[in-house]
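See structure below.
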Amino acid sequence: AYAAVPSRHGVSGGPDSAYDFGDLGREGRRFVSQAHTADELIGVLAEAATDPVRAFLPLDVITGDPEADAQLVVDEVERLGGFAKGVLVLAAPTGDGYVSYVQTETVELLTRGDCATVAVPYANVPSAVAFPRRARAAAAYTVYAEALAARAREVNPAMRLFAFGESLGSIVALDAFGPDLVDELTRAGFHGGLYCGVPIFSKTD
């Protein structure tokens, strides 16, 4: 179902990306394939819009060194033009790499494409199987968030950054910042977060 290599700019697996579409995994291919185009947004909104950015790293390139992996994330977002956008969402996927298309498409509509959504997988198995990896994934998410915020401050200080997680991803995204969530998000340079469905095993929750 997700076999067509994207020809559009601004998505991982496309012409600007460092990664091959075939290496993104099923959920990565789904994620970038479903990105709205400016024409689609204009058709719905009847207003000016731009192509949103979606960045997704292949699981195979994740080294397990959060600092090195964070640099890979920043570099990919930079290549895709993500730091030129007004909004950036760092999404924590579910265990198999799925990112909510409802949340992502909603942000693209509400910002008229002036957004980048970034996702980094930590497993390629159902969330129940990936559950023991949540602490390590949360620690990595923290470093990704800090690296993205630091680069945004350098090149686009007006950018607004948000955290997102659903299901197991909500646990990962919450525990990345700890019990003083609002203060820690603010210190990291983020403007808010959305956590869905339901993070009852999160220490932060």
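Ordering of the structure tokens sets the chain letters (A, B, ...), residue numbers begin anew at 1 in every chain, and ligands are numbered from 1 in the order given.
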
What parts of chain A does DSSP call helix (DSSP H, G or I)? I'd like the answer as a PyMOL selection string. chain A and resi 21-23+25-33+38-45+59-61+66-80+82-84+101-110+127-155+168-175+181-188

Spatial neighbours of Thr106 in chain A, max dist 12 Å, only C-alpha atoms, sep filter under 6 positions, as a PyMOL selection string: chain A and resi 35-36+41+52+89+100+112-115+117

Show me, as a count of residues only, the residues that have an atom within 7 Å of Ala119 in chain A when counting only C-alpha atoms, minus same-chain residues fewer than 6 positions from it. 6

I'd like the contact shell of range 156-161 of chain A - 7 Å cut-off, only C-alpha atoms, skipping same-chain residues fewer than 3 positions apart - returned as a list in words.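 Neighbouring residues, sequence-local ones excluded: Phe83, Ala84, Lys85, Gly86, Val87, Leu88, Val89, Ala152, Arg153, Phe190 and His191 of chain A.
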
Can you write just those residues out, C-alpha atoms, as a PDB file, in the first residue's frame?
ATOM      1  CA  PHE A  83      13.591  24.664  10.424  1.00  0.00           C
ATOM      2  CA  ALA A  84      12.119  27.246   8.048  1.00  0.00           C
ATOM      3  CA  LYS A  85       8.624  26.385   9.309  1.00  0.00           C
ATOM      4  CA  GLY A  86       6.708  28.160  12.053  1.00  0.00           C
ATOM      5  CA  VAL A  87       5.812  25.020  14.035  1.00  0.00           C
ATOM      6  CA  LEU A  88       7.730  21.818  14.758  1.00  0.00           C
ATOM      7  CA  VAL A  89       6.163  18.755  16.388  1.00  0.00           C
ATOM      8  CA  ALA A 152      15.712  26.134  16.095  1.00  0.00           C
ATOM      9  CA  ARG A 153      17.050  28.851  18.405  1.00  0.00           C
ATOM     10  CA  PHE A 190       9.019  23.743  23.864  1.00  0.00           C
ATOM     11  CA  HIS A 191       5.634  25.466  23.941  1.00  0.00           C
TER      12      HIS A 191
END

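Nearest to Asp65 in chain A of all the residues A:Ala116, A:Ala49, A:Val77, A:Ala140 is A:Ala140, based on only C-alpha atoms.
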
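As for CA of Gly193 in chain A and CA of Val172 in chain A, they are spaced 12.3 Å apart.
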
Distance query Gly10 in chain A at most 10 Å, only C-alpha atoms, self and fewer than 2 positions along chain excluded, as a PyMOL selection string: chain A and resi 6-8+12-17+32+35+37+51-55+76-82+116

Export, as a PDB file, in the first residue's frame, the selected residues with C-alpha atoms.
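Saved file again-v2.pdb follows:
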ATOM      1  CA  PRO A   6       7.566  10.260  -2.891  1.00  0.00           C
ATOM      2  CA  SER A   7       8.512  12.691  -5.623  1.00  0.00           C
ATOM      3  CA  ARG A   8       7.655  15.734  -3.532  1.00  0.00           C
ATOM      4  CA  SER A  12      12.019  11.625   4.302  1.00  0.00           C
ATOM      5  CA  GLY A  13      12.486   9.122   1.515  1.00  0.00           C
ATOM      6  CA  GLY A  14      11.981  11.881  -1.059  1.00  0.00           C
ATOM      7  CA  PRO A  15      14.493  13.766  -3.239  1.00  0.00           C
ATOM      8  CA  ASP A  16      15.846  15.924  -0.352  1.00  0.00           C
ATOM      9  CA  SER A  17      16.269  13.101   2.135  1.00  0.00           C
ATOM     10  CA  VAL A  32       5.611  10.302   4.785  1.00  0.00           C
ATOM     11  CA  ALA A  35       1.784  14.149   4.095  1.00  0.00           C
ATOM     12  CA  THR A  37       0.609  18.881  -0.241  1.00  0.00           C
ATOM     13  CA  ASP A  51       4.001  21.966   1.634  1.00  0.00           C
ATOM     14  CA  PRO A  52       4.462  20.723   5.209  1.00  0.00           C
ATOM     15  CA  VAL A  53       7.567  18.748   6.202  1.00  0.00           C
ATOM     16  CA  ARG A  54       7.586  15.211   7.598  1.00  0.00           C
ATOM     17  CA  ALA A  55      10.852  13.657   8.811  1.00  0.00           C
ATOM     18  CA  GLU A  76      17.444  15.360   8.292  1.00  0.00           C
ATOM     19  CA  VAL A  77      15.076  18.106   9.431  1.00  0.00           C
ATOM     20  CA  GLU A  78      17.526  20.674   8.089  1.00  0.00           C
ATOM     21  CA  ARG A  79      17.768  18.941   4.707  1.00  0.00           C
ATOM     22  CA  LEU A  80      13.994  18.835   4.388  1.00  0.00           C
ATOM     23  CA  GLY A  81      13.558  22.528   5.204  1.00  0.00           C
ATOM     24  CA  GLY A  82      11.880  21.873   8.525  1.00  0.00           C
ATOM     25  CA  ALA A 116       7.322  20.089  10.357  1.00  0.00           C
TER      26      ALA A 116
END

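Nearest residue to Val143 in chain A among A:Val11, A:Val120, A:Glu166, A:Glu105 is A:Val120, counting only C-alpha atoms.
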
Of the residues A:Phe177, A:Phe31, A:Tyr144, A:Tyr19, which is the one nearest to Tyr101 in chain A, using only C-alpha atoms? A:Phe31

Between CA of Ala173 in chain A and CA of Glu154 in chain A, what distance in Å does the model show, to one decimal?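 Taking CA of Ala173 in chain A as the start and CA of Glu154 in chain A as the end point, the length is 23.8 Å.
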
What gap, in Å, lies between CA of Ile171 in chain A and CA of Glu27 in chain A? 19.0 Å

Using DSSP on the backbone coordinates, identify all residues within chain A classified as strand (DSSP E); present the result as a PyMOL selection string. chain A and resi 53-56+87-92+115-119+160-166+192-196

Contacts of Pro58 in chain A within 6 Å, only C-alpha atoms, excl. fewer than 2 positions in-chain, as number ranges by chain: A: 23-24, 60-61

Can I get the selected residues back with all heavy atoms, as a PDB file, in the first residue's frame?
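That gives us again_23.pdb:
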ATOM      1  N   ASP A  23      13.694   2.027   3.147  1.00  0.00           N
ATOM      2  CA  ASP A  23      14.309   1.726   4.441  1.00  0.00           C
ATOM      3  C   ASP A  23      13.515   2.282   5.624  1.00  0.00           C
ATOM      4  O   ASP A  23      13.897   2.059   6.776  1.00  0.00           O
ATOM      5  CB  ASP A  23      15.729   2.295   4.488  1.00  0.00           C
ATOM      6  CG  ASP A  23      16.664   1.605   3.511  1.00  0.00           C
ATOM      7  OD1 ASP A  23      16.408   0.430   3.171  1.00  0.00           O
ATOM      8  OD2 ASP A  23      17.652   2.237   3.084  1.00  0.00           O
ATOM      9  N   LEU A  24      12.421   2.986   5.354  1.00  0.00           N
ATOM     10  CA  LEU A  24      11.686   3.651   6.439  1.00  0.00           C
ATOM     11  C   LEU A  24      10.773   2.707   7.210  1.00  0.00           C
ATOM     12  O   LEU A  24      10.244   3.097   8.258  1.00  0.00           O
ATOM     13  CB  LEU A  24      10.842   4.808   5.877  1.00  0.00           C
ATOM     14  CG  LEU A  24      11.600   5.926   5.163  1.00  0.00           C
ATOM     15  CD1 LEU A  24      10.628   7.018   4.718  1.00  0.00           C
ATOM     16  CD2 LEU A  24      12.695   6.508   6.039  1.00  0.00           C
ATOM     17  N   ASP A  60      17.077   1.357  11.309  1.00  0.00           N
ATOM     18  CA  ASP A  60      18.409   0.783  11.153  1.00  0.00           C
ATOM     19  C   ASP A  60      19.532   1.799  11.319  1.00  0.00           C
ATOM     20  O   ASP A  60      20.679   1.410  11.556  1.00  0.00           O
ATOM     21  CB  ASP A  60      18.550   0.108   9.781  1.00  0.00           C
ATOM     22  CG  ASP A  60      17.751  -1.178   9.681  1.00  0.00           C
ATOM     23  OD1 ASP A  60      17.301  -1.677  10.731  1.00  0.00           O
ATOM     24  OD2 ASP A  60      17.561  -1.680   8.555  1.00  0.00           O
ATOM     25  N   VAL A  61      19.242   3.092  11.174  1.00  0.00           N
ATOM     26  CA  VAL A  61      20.313   4.089  11.314  1.00  0.00           C
ATOM     27  C   VAL A  61      20.463   4.561  12.755  1.00  0.00           C
ATOM     28  O   VAL A  61      21.420   5.268  13.076  1.00  0.00           O
ATOM     29  CB  VAL A  61      20.110   5.312  10.384  1.00  0.00           C
ATOM     30  CG1 VAL A  61      19.903   4.870   8.954  1.00  0.00           C
ATOM     31  CG2 VAL A  61      18.976   6.204  10.864  1.00  0.00           C
TER      32      VAL A  61
END
